[in-house]
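Trainee: Got a file for you: model-v1.pdb, PDB, C-alpha atoms, pLDDT in the B column.
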ATOM      1  CA  MET Y1463    -101.818 -29.961-205.165  1.00 85.00           C
ATOM      2  CA  GLY Y1464     -98.576 -31.820-204.668  1.00 86.00           C
ATOM      3  CA  ARG Y1465     -97.485 -29.639-201.757  1.00 87.00           C
ATOM      4  CA  ALA Y1466    -100.844 -30.100-200.060  1.00 90.00           C
ATOM      5  CA  ALA Y1467    -100.778 -33.875-200.524  1.00 88.00           C
ATOM      6  CA  LYS Y1468     -97.228 -34.105-199.227  1.00 87.00           C
ATOM      7  CA  ALA Y1469     -98.052 -31.964-196.175  1.00 88.00           C
ATOM      8  CA  ALA Y1470    -101.078 -34.152-195.423  1.00 90.00           C
ATOM      9  CA  GLY Y1471     -99.202 -37.407-195.907  1.00 89.00           C
ATOM     10  CA  VAL Y1472    -101.428 -38.416-198.823  1.00 88.00           C
ATOM     11  CA  PRO Y1473     -99.538 -40.666-201.252  1.00 85.00           C
ATOM     12  CA  PHE Y1474     -99.331 -39.503-204.859  1.00 89.00           C
ATOM     13  CA  VAL Y1475     -97.037 -39.674-207.863  1.00 92.00           C
ATOM     14  CA  GLY Y1476     -96.532 -36.714-210.166  1.00 91.00           C
ATOM     15  CA  GLY Y1477     -95.880 -33.011-210.250  1.00 91.00           C
ATOM     16  CA  PRO Y1478     -95.105 -30.255-212.743  1.00 89.00           C
ATOM     17  CA  ILE Y1479     -93.346 -31.330-215.929  1.00 92.00           C
ATOM     18  CA  GLY Y1480     -93.040 -27.817-217.354  1.00 91.00           C
ATOM     19  CA  SER Y1481     -94.760 -24.445-217.703  1.00 90.00           C
ATOM     20  CA  GLY Y1482     -98.497 -24.462-218.318  1.00 90.00           C
ATOM     21  CA  ARG Y1483     -98.145 -22.517-221.568  1.00 89.00           C
ATOM     22  CA  ASP Y1484     -96.197 -25.427-223.061  1.00 92.00           C
ATOM     23  CA  PHE Y1485     -99.087 -27.891-222.796  1.00 95.00           C
ATOM     24  CA  ASN Y1486    -101.723 -26.426-225.076  1.00 94.00           C
ATOM     25  CA  ALA Y1487    -100.686 -27.344-228.627  1.00 91.00           C
ATOM     26  CA  ASP Y1488     -98.057 -29.449-230.388  1.00 93.00           C
ATOM     27  CA  PHE Y1489     -96.569 -30.956-227.244  1.00 96.00           C
ATOM     28  CA  PHE Y1490     -97.014 -34.726-227.495  1.00 97.00           C
ATOM     29  CA  ASP Y1491     -97.111 -37.646-229.917  1.00 96.00           C
ATOM     30  CA  VAL Y1492     -98.612 -41.115-229.730  1.00 96.00           C
ATOM     31  CA  GLY Y1493     -96.755 -43.923-231.476  1.00 94.00           C
ATOM     32  CA  PRO Y1494     -96.348 -47.699-231.286  1.00 92.00           C
ATOM     33  CA  ASP Y1495     -94.575 -47.359-227.941  1.00 89.00           C
ATOM     34  CA  GLY Y1496     -97.209 -45.074-226.461  1.00 94.00           C
ATOM     35  CA  LEU Y1497     -97.270 -41.380-225.603  1.00 96.00           C
ATOM     36  CA  THR Y1498     -94.159 -39.207-225.649  1.00 96.00           C
ATOM     37  CA  PHE Y1499     -93.723 -35.514-224.928  1.00 96.00           C
ATOM     38  CA  ARG Y1500     -91.851 -33.561-227.584  1.00 96.00           C
ATOM     39  CA  ASP Y1501     -89.868 -31.575-225.026  1.00 96.00           C
ATOM     40  CA  ALA Y1502     -87.049 -33.789-223.750  1.00 96.00           C
ATOM     41  CA  GLU Y1503     -87.130 -32.408-220.205  1.00 96.00           C
ATOM     42  CA  ALA Y1504     -90.892 -32.833-219.913  1.00 96.00           C
ATOM     43  CA  ASP Y1505     -90.678 -36.349-221.304  1.00 96.00           C
ATOM     44  CA  GLY Y1506     -87.908 -37.196-218.843  1.00 96.00           C
ATOM     45  CA  ARG Y1507     -90.027 -36.106-215.884  1.00 96.00           C
ATOM     46  CA  TYR Y1508     -93.012 -38.004-217.260  1.00 96.00           C
ATOM     47  CA  ARG Y1509     -90.875 -41.136-217.620  1.00 96.00           C
ATOM     48  CA  GLY Y1510     -89.682 -40.707-214.065  1.00 96.00           C
ATOM     49  CA  PHE Y1511     -93.247 -40.640-212.757  1.00 96.00           C
ATOM     50  CA  LEU Y1512     -94.132 -43.725-214.794  1.00 96.00           C
ATOM     51  CA  ALA Y1513     -91.095 -45.517-213.393  1.00 96.00           C
ATOM     52  CA  GLU Y1514     -92.280 -44.809-209.845  1.00 95.00           C
ATOM     53  CA  LEU Y1515     -95.502 -46.604-210.773  1.00 95.00           C
ATOM     54  CA  ALA Y1516     -93.679 -49.444-212.533  1.00 95.00           C
ATOM     55  CA  VAL Y1517     -95.396 -48.806-215.878  1.00 96.00           C
ATOM     56  CA  ASP Y1518     -94.028 -47.616-219.201  1.00 94.00           C
ATOM     57  CA  ASP Y1519     -97.012 -45.707-220.612  1.00 95.00           C
ATOM     58  CA  LEU Y1520    -100.250 -44.017-219.557  1.00 95.00           C
ATOM     59  CA  ALA Y1521    -102.071 -47.138-220.691  1.00 94.00           C
ATOM     60  CA  GLY Y1522    -100.598 -48.990-217.727  1.00 94.00           C
ATOM     61  CA  LEU Y1523    -101.931 -46.627-215.064  1.00 94.00           C
ATOM     62  CA  ARG Y1524    -104.218 -48.103-212.432  1.00 93.00           C
ATOM     63  CA  ILE Y1525    -104.844 -44.848-210.599  1.00 94.00           C
ATOM     64  CA  PRO Y1526    -106.776 -41.704-211.643  1.00 95.00           C
ATOM     65  CA  LEU Y1527    -105.017 -39.032-213.683  1.00 96.00           C
ATOM     66  CA  VAL Y1528    -105.322 -35.461-212.367  1.00 97.00           C
ATOM     67  CA  CYS Y1529    -104.202 -32.842-214.854  1.00 96.00           C
ATOM     68  CA  THR Y1530    -104.182 -29.110-215.586  1.00 95.00           C
ATOM     69  CA  PHE Y1531    -103.188 -29.154-219.271  1.00 96.00           C
ATOM     70  CA  GLY Y1532    -105.006 -26.480-221.270  1.00 95.00           C
ATOM     71  CA  LEU Y1533    -106.073 -24.593-218.161  1.00 96.00           C
ATOM     72  CA  SER Y1534    -103.410 -21.900-217.949  1.00 94.00           C
ATOM     73  CA  VAL Y1535    -106.045 -19.718-219.549  1.00 96.00           C
ATOM     74  CA  HIS Y1536    -104.284 -16.458-218.701  1.00 95.00           C
ATOM     75  CA  PHE Y1537    -102.034 -17.272-221.680  1.00 95.00           C
ATOM     76  CA  PHE Y1538    -105.095 -17.535-223.944  1.00 96.00           C
ATOM     77  CA  ALA Y1539    -106.309 -14.222-222.542  1.00 97.00           C
ATOM     78  CA  VAL Y1540    -103.216 -12.099-223.296  1.00 97.00           C
ATOM     79  CA  THR Y1541    -104.744  -8.713-224.112  1.00 95.00           C
ATOM     80  CA  GLU Y1542    -102.656  -7.969-227.202  1.00 94.00           C
ATOM     81  CA  ASN Y1543    -103.746 -11.195-228.900  1.00 93.00           C
ATOM     82  CA  TRP Y1544    -107.366 -10.030-228.987  1.00 96.00           C
ATOM     83  CA  ARG Y1545    -106.866  -6.467-230.210  1.00 92.00           C
ATOM     84  CA  ILE Y1546    -107.852  -7.384-233.775  1.00 92.00           C
ATOM     85  CA  TYR Y1547    -111.291  -8.464-232.567  1.00 93.00           C
ATOM     86  CA  ARG Y1548    -112.093  -5.195-230.810  1.00 91.00           C
ATOM     87  CA  ALA Y1549    -114.180  -2.386-232.266  1.00 87.00           C
ATOM     88  CA  GLY Y1550    -112.888   1.155-232.686  1.00 80.00           C
ATOM     89  CA  ASP Y1551    -113.852   2.073-229.119  1.00 77.00           C
ATOM     90  CA  GLY Y1552    -111.732  -0.779-227.746  1.00 82.00           C
ATOM     91  CA  ASP Y1553    -114.661  -2.959-226.735  1.00 89.00           C
ATOM     92  CA  PHE Y1554    -115.548  -6.334-228.185  1.00 92.00           C
ATOM     93  CA  LEU Y1555    -118.617  -6.434-230.374  1.00 90.00           C
ATOM     94  CA  PRO Y1556    -121.684  -7.519-228.359  1.00 90.00           C
ATOM     95  CA  GLY Y1557    -121.777 -11.273-227.956  1.00 94.00           C
ATOM     96  CA  PHE Y1558    -118.248 -11.909-229.230  1.00 96.00           C
ATOM     97  CA  LEU Y1559    -117.032 -13.664-226.075  1.00 97.00           C
ATOM     98  CA  ALA Y1560    -120.005 -16.026-226.266  1.00 96.00           C
ATOM     99  CA  SER Y1561    -119.747 -16.548-230.014  1.00 97.00           C
ATOM    100  CA  ARG Y1562    -118.908 -19.658-232.036  1.00 97.00           C
ATOM    101  CA  LEU Y1563    -115.888 -17.795-233.418  1.00 97.00           C
ATOM    102  CA  PHE Y1564    -114.461 -17.157-229.955  1.00 97.00           C
ATOM    103  CA  ASP Y1565    -115.177 -20.740-228.927  1.00 97.00           C
ATOM    104  CA  ASP Y1566    -113.405 -22.089-232.023  1.00 98.00           C
ATOM    105  CA  ILE Y1567    -110.368 -19.856-231.456  1.00 97.00           C
ATOM    106  CA  VAL Y1568    -109.925 -20.979-227.858  1.00 98.00           C
ATOM    107  CA  ARG Y1569    -110.461 -24.653-228.713  1.00 97.00           C
ATOM    108  CA  ALA Y1570    -107.803 -24.295-231.415  1.00 97.00           C
ATOM    109  CA  MET Y1571    -105.412 -22.774-228.871  1.00 96.00           C
ATOM    110  CA  ALA Y1572    -106.014 -25.714-226.523  1.00 97.00           C
ATOM    111  CA  ARG Y1573    -106.305 -28.342-229.256  1.00 96.00           C
ATOM    112  CA  ASP Y1574    -103.600 -30.741-228.120  1.00 96.00           C
ATOM    113  CA  ALA Y1575    -104.466 -30.381-224.442  1.00 97.00           C
ATOM    114  CA  LEU Y1576    -107.960 -31.530-225.371  1.00 98.00           C
ATOM    115  CA  ALA Y1577    -106.456 -34.291-227.528  1.00 97.00           C
ATOM    116  CA  PHE Y1578    -104.378 -35.427-224.550  1.00 97.00           C
ATOM    117  CA  TYR Y1579    -107.488 -35.709-222.388  1.00 98.00           C
ATOM    118  CA  ARG Y1580    -109.297 -37.575-225.176  1.00 97.00           C
ATOM    119  CA  HIS Y1581    -106.403 -40.010-225.565  1.00 97.00           C
ATOM    120  CA  SER Y1582    -106.270 -40.629-221.811  1.00 97.00           C
ATOM    121  CA  LEU Y1583    -110.001 -41.302-221.675  1.00 98.00           C
ATOM    122  CA  ASP Y1584    -109.744 -43.637-224.650  1.00 97.00           C
ATOM    123  CA  LEU Y1585    -107.224 -45.656-222.629  1.00 96.00           C
ATOM    124  CA  GLY Y1586    -109.939 -46.203-220.041  1.00 96.00           C
ATOM    125  CA  LEU Y1587    -108.408 -43.922-217.408  1.00 97.00           C
ATOM    126  CA  ARG Y1588    -110.370 -41.901-214.895  1.00 97.00           C
ATOM    127  CA  VAL Y1589    -109.340 -38.343-215.794  1.00 98.00           C
ATOM    128  CA  LEU Y1590    -109.836 -35.181-213.744  1.00 98.00           C
ATOM    129  CA  ALA Y1591    -108.940 -31.607-214.668  1.00 98.00           C
ATOM    130  CA  VAL Y1592    -108.550 -28.832-212.100  1.00 97.00           C
ATOM    131  CA  LEU Y1593    -109.668 -25.314-212.982  1.00 97.00           C
ATOM    132  CA  PRO Y1594    -106.952 -22.728-212.323  1.00 96.00           C
ATOM    133  CA  PRO Y1595    -106.751 -20.124-209.581  1.00 96.00           C
ATOM    134  CA  GLN Y1596    -109.003 -17.241-210.573  1.00 97.00           C
ATOM    135  CA  ARG Y1597    -106.119 -14.816-210.985  1.00 96.00           C
ATOM    136  CA  VAL Y1598    -105.627 -12.576-214.005  1.00 96.00           C
ATOM    137  CA  PRO Y1599    -102.121 -11.126-214.438  1.00 95.00           C
ATOM    138  CA  GLY Y1600    -101.604  -7.662-215.878  1.00 94.00           C
ATOM    139  CA  MET Y1601    -100.809  -8.976-219.353  1.00 95.00           C
ATOM    140  CA  SER Y1602    -104.246 -10.611-219.661  1.00 97.00           C
ATOM    141  CA  ASP Y1603    -107.833  -9.479-220.134  1.00 96.00           C
ATOM    142  CA  GLY Y1604    -110.151 -10.528-217.315  1.00 95.00           C
ATOM    143  CA  ALA Y1605    -113.247 -10.958-219.480  1.00 96.00           C
ATOM    144  CA  VAL Y1606    -111.353 -13.090-221.997  1.00 97.00           C
ATOM    145  CA  PHE Y1607    -109.900 -15.162-219.147  1.00 97.00           C
ATOM    146  CA  LEU Y1608    -113.364 -16.013-217.835  1.00 97.00           C
ATOM    147  CA  ALA Y1609    -114.817 -16.706-221.271  1.00 97.00           C
ATOM    148  CA  ALA Y1610    -111.854 -18.838-222.363  1.00 98.00           C
ATOM    149  CA  GLN Y1611    -112.031 -20.800-219.130  1.00 97.00           C
ATOM    150  CA  GLU Y1612    -115.703 -21.537-219.804  1.00 97.00           C
ATOM    151  CA  THR Y1613    -114.895 -22.680-223.331  1.00 98.00           C
ATOM    152  CA  VAL Y1614    -112.259 -25.127-222.089  1.00 98.00           C
ATOM    153  CA  ARG Y1615    -114.508 -26.294-219.249  1.00 98.00           C
ATOM    154  CA  ARG Y1616    -117.329 -27.047-221.680  1.00 97.00           C
ATOM    155  CA  ALA Y1617    -114.936 -28.918-223.955  1.00 98.00           C
ATOM    156  CA  LEU Y1618    -113.766 -31.036-221.020  1.00 98.00           C
ATOM    157  CA  ASP Y1619    -117.353 -31.712-219.986  1.00 97.00           C
ATOM    158  CA  ASP Y1620    -118.140 -32.809-223.543  1.00 97.00           C
ATOM    159  CA  LEU Y1621    -115.229 -35.255-223.459  1.00 98.00           C
ATOM    160  CA  GLY Y1622    -116.305 -36.747-220.136  1.00 97.00           C
ATOM    161  CA  VAL Y1623    -113.456 -35.369-218.035  1.00 98.00           C
ATOM    162  CA  GLU Y1624    -114.331 -34.738-214.375  1.00 98.00           C
ATOM    163  CA  VAL Y1625    -113.805 -31.020-213.800  1.00 98.00           C
ATOM    164  CA  VAL Y1626    -112.709 -29.886-210.342  1.00 98.00           C
ATOM    165  CA  ASP Y1627    -114.296 -26.447-210.032  1.00 97.00           C
ATOM    166  CA  LEU Y1628    -113.688 -24.665-206.730  1.00 97.00           C
ATOM    167  CA  ARG Y1629    -114.742 -21.198-207.818  1.00 96.00           C
ATOM    168  CA  ALA Y1630    -117.709 -21.050-205.434  1.00 95.00           C
ATOM    169  CA  ARG Y1631    -115.355 -21.598-202.491  1.00 95.00           C
ATOM    170  CA  ALA Y1632    -112.211 -19.868-203.696  1.00 97.00           C
ATOM    171  CA  THR Y1633    -113.444 -16.539-205.065  1.00 97.00           C
ATOM    172  CA  ASP Y1634    -114.702 -13.279-203.624  1.00 95.00           C
ATOM    173  CA  GLY Y1635    -117.642 -11.144-204.727  1.00 92.00           C
ATOM    174  CA  THR Y1636    -115.781 -10.026-207.846  1.00 92.00           C
ATOM    175  CA  GLY Y1637    -115.155 -13.569-209.023  1.00 93.00           C
ATOM    176  CA  ARG Y1638    -111.420 -13.332-208.382  1.00 95.00           C
ATOM    177  CA  GLN Y1639    -109.351 -15.597-206.147  1.00 96.00           C
ATOM    178  CA  ARG Y1640    -109.616 -14.708-202.463  1.00 96.00           C
ATOM    179  CA  ALA Y1641    -106.391 -13.201-201.141  1.00 96.00           C
ATOM    180  CA  ALA Y1642    -106.098 -15.916-198.497  1.00 97.00           C
ATOM    181  CA  LEU Y1643    -105.765 -18.488-201.299  1.00 97.00           C
ATOM    182  CA  CYS Y1644    -103.170 -16.644-203.396  1.00 96.00           C
ATOM    183  CA  GLU Y1645     -99.446 -17.341-203.445  1.00 95.00           C
ATOM    184  CA  PRO Y1646     -97.694 -14.178-202.153  1.00 93.00           C
ATOM    185  CA  ASN Y1647     -95.574 -12.189-204.605  1.00 92.00           C
ATOM    186  CA  ASP Y1648     -96.908 -14.269-207.492  1.00 94.00           C
ATOM    187  CA  PRO Y1649     -99.557 -13.043-209.959  1.00 94.00           C
ATOM    188  CA  ILE Y1650    -101.051 -16.365-211.072  1.00 94.00           C
ATOM    189  CA  HIS Y1651    -100.669 -19.245-208.612  1.00 94.00           C
ATOM    190  CA  GLY Y1652    -102.698 -20.414-205.650  1.00 95.00           C
ATOM    191  CA  ASN Y1653    -101.056 -21.144-202.315  1.00 95.00           C
ATOM    192  CA  LEU Y1654    -100.916 -24.160-200.024  1.00 95.00           C
ATOM    193  CA  ALA Y1655    -104.384 -23.365-198.630  1.00 96.00           C
ATOM    194  CA  PHE Y1656    -105.802 -23.483-202.154  1.00 96.00           C
ATOM    195  CA  GLY Y1657    -103.991 -26.763-202.720  1.00 95.00           C
ATOM    196  CA  ARG Y1658    -105.672 -28.130-199.607  1.00 96.00           C
ATOM    197  CA  LEU Y1659    -109.086 -27.219-201.025  1.00 96.00           C
ATOM    198  CA  ILE Y1660    -108.245 -29.112-204.211  1.00 96.00           C
ATOM    199  CA  LEU Y1661    -106.959 -32.081-202.230  1.00 95.00           C
ATOM    200  CA  ALA Y1662    -110.104 -32.191-200.105  1.00 95.00           C
ATOM    201  CA  ASP Y1663    -112.246 -32.170-203.241  1.00 96.00           C
ATOM    202  CA  LEU Y1664    -110.225 -35.008-204.787  1.00 96.00           C
ATOM    203  CA  LEU Y1665    -110.444 -37.086-201.632  1.00 95.00           C
ATOM    204  CA  ALA Y1666    -114.200 -36.501-201.489  1.00 95.00           C
ATOM    205  CA  ARG Y1667    -114.386 -37.957-204.997  1.00 94.00           C
ATOM    206  CA  GLY Y1668    -112.785 -41.144-203.742  1.00 92.00           C
ATOM    207  CA  LEU Y1669    -109.254 -40.634-205.010  1.00 90.00           C
TER     208      LEU Y1669
END
What do you get writing this file as structure tokens?
Mentor:
Amino acid sequence: MGRAAKAAGVPFVGGPIGSGRDFNADFFDVGPDGLTFRDAEADGRYRGFLAELAVDDLAGLRIPLVCTFGLSVHFFAVTENWRIYRAGDGDFLPGFLASRLFDDIVRAMARDALAFYRHSLDLGLRVLAVLPPQRVPGMSDGAVFLAAQETVRRALDDLGVEVVDLRARATDGTGRQRAALCEPNDPIHGNLAFGRLILADLLARGL
């Protein structure tokens, strides 16, 4: 997103503050002085972005917040983590990926990402979340990826987060990310062209 905005000359403040897997659970606190990230490097980058906007906490933002916390779902879908839930033939029991149990497990994995969105909304911010590139690395299970993504998407919808969902435009007939929108030599990220699709969607929403 940031690369696409920069290339298009669209002003923005922000960028990555760490790896996606670090922003699912136990990564932030809210105290009398506002929100802080537990990781010092992440908090430093966050503080730098706030300084660019001349505010000292999320509560002071006057622009929409676009975020991807909790949406690195390939980490939730790591194949080995789900082995215990498979039957003897290696398949999940019918209905498992649509079950309340599965939903509760994924929501627990993403608990603090969802809490972050809830906190941001409670501050009165306009909050948007961008679904990830539809790419499943070798360590992850494709069916779990899709089901976990749906669980997180539903949770975001329930909170009132605006979900940026480009799957209809970014995927092929198999539901995976089109090659033209994949970062070369990288198993999970989208490329600049995918970033441009996201940017266009954000601009169409009035950002």
Trainee: Can you pull out every residue within 7 Å of Val1535 in chain Y, counting all atoms listed in the file, but drop anything in the same chain fewer than 5 positions away, and send it as a list in words?
Mentor: Phe1607, Ala1610 and Gln1611 of chain Y
Trainee: So, with only C-alpha atoms as the atoms that count, which of Y:Ala1617, Y:Val1592, Y:Ile1546, Y:Ser1481 lies closest to Arg1580 in chain Y?
Mentor: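 For Arg1580 in chain Y, the nearest of the given residues is Y:Ala1617.
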Trainee: Can you spell out as a ChimeraX atom specification the set of residues that the PyMOL selection byres ((chain Y and resi 1653-1656) around 12) selects in the structure I just provided?
Mentor: /Y:1463-1470,1592-1597,1627-1629,1631-1633,1639-1652,1657-1663
Trainee: Taking into account all atoms listed in the file, which residue in the set Y:Arg1616, Y:Val1568, Y:Asp1484, Y:Leu1664 is nearest to Trp1544 in chain Y?
Mentor: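 Closest candidate: Y:Val1568.
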Trainee: So which residues touch Phe1490 in chain Y within 7 Å, counting all atoms listed in the file, skipping near sequence neighbours fewer than 4 positions away, as a PyMOL selection string?
Mentor: chain Y and resi 1497-1500
Trainee: Any chance you could resolve the PyMOL selection byres ((chain Y and resi 1548-1564) around 10) against this file and give the residues as a list in words?
Mentor: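 So the PyMOL selection byres ((chain Y and resi 1548-1564) around 10), applied here, picks out Trp1544, Arg1545, Ile1546, Tyr1547, Asp1565, Asp1566, Ile1567, Val1568, Arg1569, Ala1570, Ala1605, Val1606, Leu1608, Ala1609, Ala1610, Glu1612 and Thr1613 of chain Y.
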Trainee: For the selection just defined, write its residues with C-alpha atoms to a file, as a PDB file, in the coordinates of the input.
Mentor:
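Below is the file that was written, part35.pdb:
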ATOM      1  CA  TRP Y1544    -107.366 -10.030-228.987  1.00 96.00           C
ATOM      2  CA  ARG Y1545    -106.866  -6.467-230.210  1.00 92.00           C
ATOM      3  CA  ILE Y1546    -107.852  -7.384-233.775  1.00 92.00           C
ATOM      4  CA  TYR Y1547    -111.291  -8.464-232.567  1.00 93.00           C
ATOM      5  CA  ASP Y1565    -115.177 -20.740-228.927  1.00 97.00           C
ATOM      6  CA  ASP Y1566    -113.405 -22.089-232.023  1.00 98.00           C
ATOM      7  CA  ILE Y1567    -110.368 -19.856-231.456  1.00 97.00           C
ATOM      8  CA  VAL Y1568    -109.925 -20.979-227.858  1.00 98.00           C
ATOM      9  CA  ARG Y1569    -110.461 -24.653-228.713  1.00 97.00           C
ATOM     10  CA  ALA Y1570    -107.803 -24.295-231.415  1.00 97.00           C
ATOM     11  CA  ALA Y1605    -113.247 -10.958-219.480  1.00 96.00           C
ATOM     12  CA  VAL Y1606    -111.353 -13.090-221.997  1.00 97.00           C
ATOM     13  CA  LEU Y1608    -113.364 -16.013-217.835  1.00 97.00           C
ATOM     14  CA  ALA Y1609    -114.817 -16.706-221.271  1.00 97.00           C
ATOM     15  CA  ALA Y1610    -111.854 -18.838-222.363  1.00 98.00           C
ATOM     16  CA  GLU Y1612    -115.703 -21.537-219.804  1.00 97.00           C
ATOM     17  CA  THR Y1613    -114.895 -22.680-223.331  1.00 98.00           C
TER      18      THR Y1613
END
Trainee: For range 1506-1516 of chain Y, work out the shell of residues within 12 Å, counting all atoms listed in the file and skipping chain neighbours fewer than 2 positions away, then give it as a PyMOL selection string.
Mentor: chain Y and resi 1473-1480+1490+1496-1504+1518-1525+1527
Trainee: Save the residues we just selected, C-alpha atoms, as a PDB file, keeping the file's coordinate frame?
Mentor:
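Okay, selection17.pdb is ready:
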ATOM      1  CA  PRO Y1473     -99.538 -40.666-201.252  1.00 85.00           C
ATOM      2  CA  PHE Y1474     -99.331 -39.503-204.859  1.00 89.00           C
ATOM      3  CA  VAL Y1475     -97.037 -39.674-207.863  1.00 92.00           C
ATOM      4  CA  GLY Y1476     -96.532 -36.714-210.166  1.00 91.00           C
ATOM      5  CA  GLY Y1477     -95.880 -33.011-210.250  1.00 91.00           C
ATOM      6  CA  PRO Y1478     -95.105 -30.255-212.743  1.00 89.00           C
ATOM      7  CA  ILE Y1479     -93.346 -31.330-215.929  1.00 92.00           C
ATOM      8  CA  GLY Y1480     -93.040 -27.817-217.354  1.00 91.00           C
ATOM      9  CA  PHE Y1490     -97.014 -34.726-227.495  1.00 97.00           C
ATOM     10  CA  GLY Y1496     -97.209 -45.074-226.461  1.00 94.00           C
ATOM     11  CA  LEU Y1497     -97.270 -41.380-225.603  1.00 96.00           C
ATOM     12  CA  THR Y1498     -94.159 -39.207-225.649  1.00 96.00           C
ATOM     13  CA  PHE Y1499     -93.723 -35.514-224.928  1.00 96.00           C
ATOM     14  CA  ARG Y1500     -91.851 -33.561-227.584  1.00 96.00           C
ATOM     15  CA  ASP Y1501     -89.868 -31.575-225.026  1.00 96.00           C
ATOM     16  CA  ALA Y1502     -87.049 -33.789-223.750  1.00 96.00           C
ATOM     17  CA  GLU Y1503     -87.130 -32.408-220.205  1.00 96.00           C
ATOM     18  CA  ALA Y1504     -90.892 -32.833-219.913  1.00 96.00           C
ATOM     19  CA  ASP Y1518     -94.028 -47.616-219.201  1.00 94.00           C
ATOM     20  CA  ASP Y1519     -97.012 -45.707-220.612  1.00 95.00           C
ATOM     21  CA  LEU Y1520    -100.250 -44.017-219.557  1.00 95.00           C
ATOM     22  CA  ALA Y1521    -102.071 -47.138-220.691  1.00 94.00           C
ATOM     23  CA  GLY Y1522    -100.598 -48.990-217.727  1.00 94.00           C
ATOM     24  CA  LEU Y1523    -101.931 -46.627-215.064  1.00 94.00           C
ATOM     25  CA  ARG Y1524    -104.218 -48.103-212.432  1.00 93.00           C
ATOM     26  CA  ILE Y1525    -104.844 -44.848-210.599  1.00 94.00           C
ATOM     27  CA  LEU Y1527    -105.017 -39.032-213.683  1.00 96.00           C
TER      28      LEU Y1527
END
Trainee: Please compute the CA of Leu1576 in chain Y-CA of Thr1636 in chain Y distance, one decimal, in Å.
Mentor: 28.8 Å
Trainee: Calculate how many Å separate CA of Asp1505 in chain Y from CA of Gly1471 in chain Y, rounding to one decimal.
Mentor: 26.8 Å
Trainee: Record the distance separating CA of Ala1577 in chain Y and CA of Phe1537 in chain Y, expressed in Å with one decimal.
Mentor: 18.5 Å
Trainee: Calculate, to one decimal in Å, the centre and edge lengths of the box along x, y and z of the file that holds all listed atoms of range 1547-1559 of chain Y with 4 Å of margin on each side, and present them as lines of an AutoDock Vina configuration file.
Mentor:
center_x = -116.5
center_y = -5.8
center_z = -229.4
size_x = 18.5
size_y = 23.7
size_z = 14.6
Trainee: From the list Y:Pro1599, Y:Gly1604, Y:Leu1621, Y:Val1589, which residue is nearest Cys1529 in chain Y when using all atoms listed in the file?
Mentor: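 Using all atoms listed in the file, Cys1529 in chain Y sits closest to Y:Val1589.
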Trainee: For a quick check of understanding, using all atoms listed in the file, which of Y:Arg1588, Y:Arg1638, Y:Arg1573, Y:Arg1615 has the smallest distance to Phe1485 in chain Y?
Mentor: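 Selected residue with least distance to Phe1485 in chain Y: Y:Arg1573.
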Trainee: Under the rule that all atoms listed in the file are counted, which of Y:Val1472, Y:Leu1590, Y:Gly1482, Y:Tyr1579 is the nearest residue to Ser1534 in chain Y?
Mentor: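 Of Y:Val1472, Y:Leu1590, Y:Gly1482, Y:Tyr1579, the one nearest Ser1534 in chain Y is Y:Gly1482, counting all atoms listed in the file.
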Trainee: As a PyMOL selection string, please: the residues near Val1540 in chain Y (cut-off 7 Å, all atoms listed in the file, same-chain neighbours under 4 positions excluded).
Mentor: chain Y and resi 1536+1601-1603
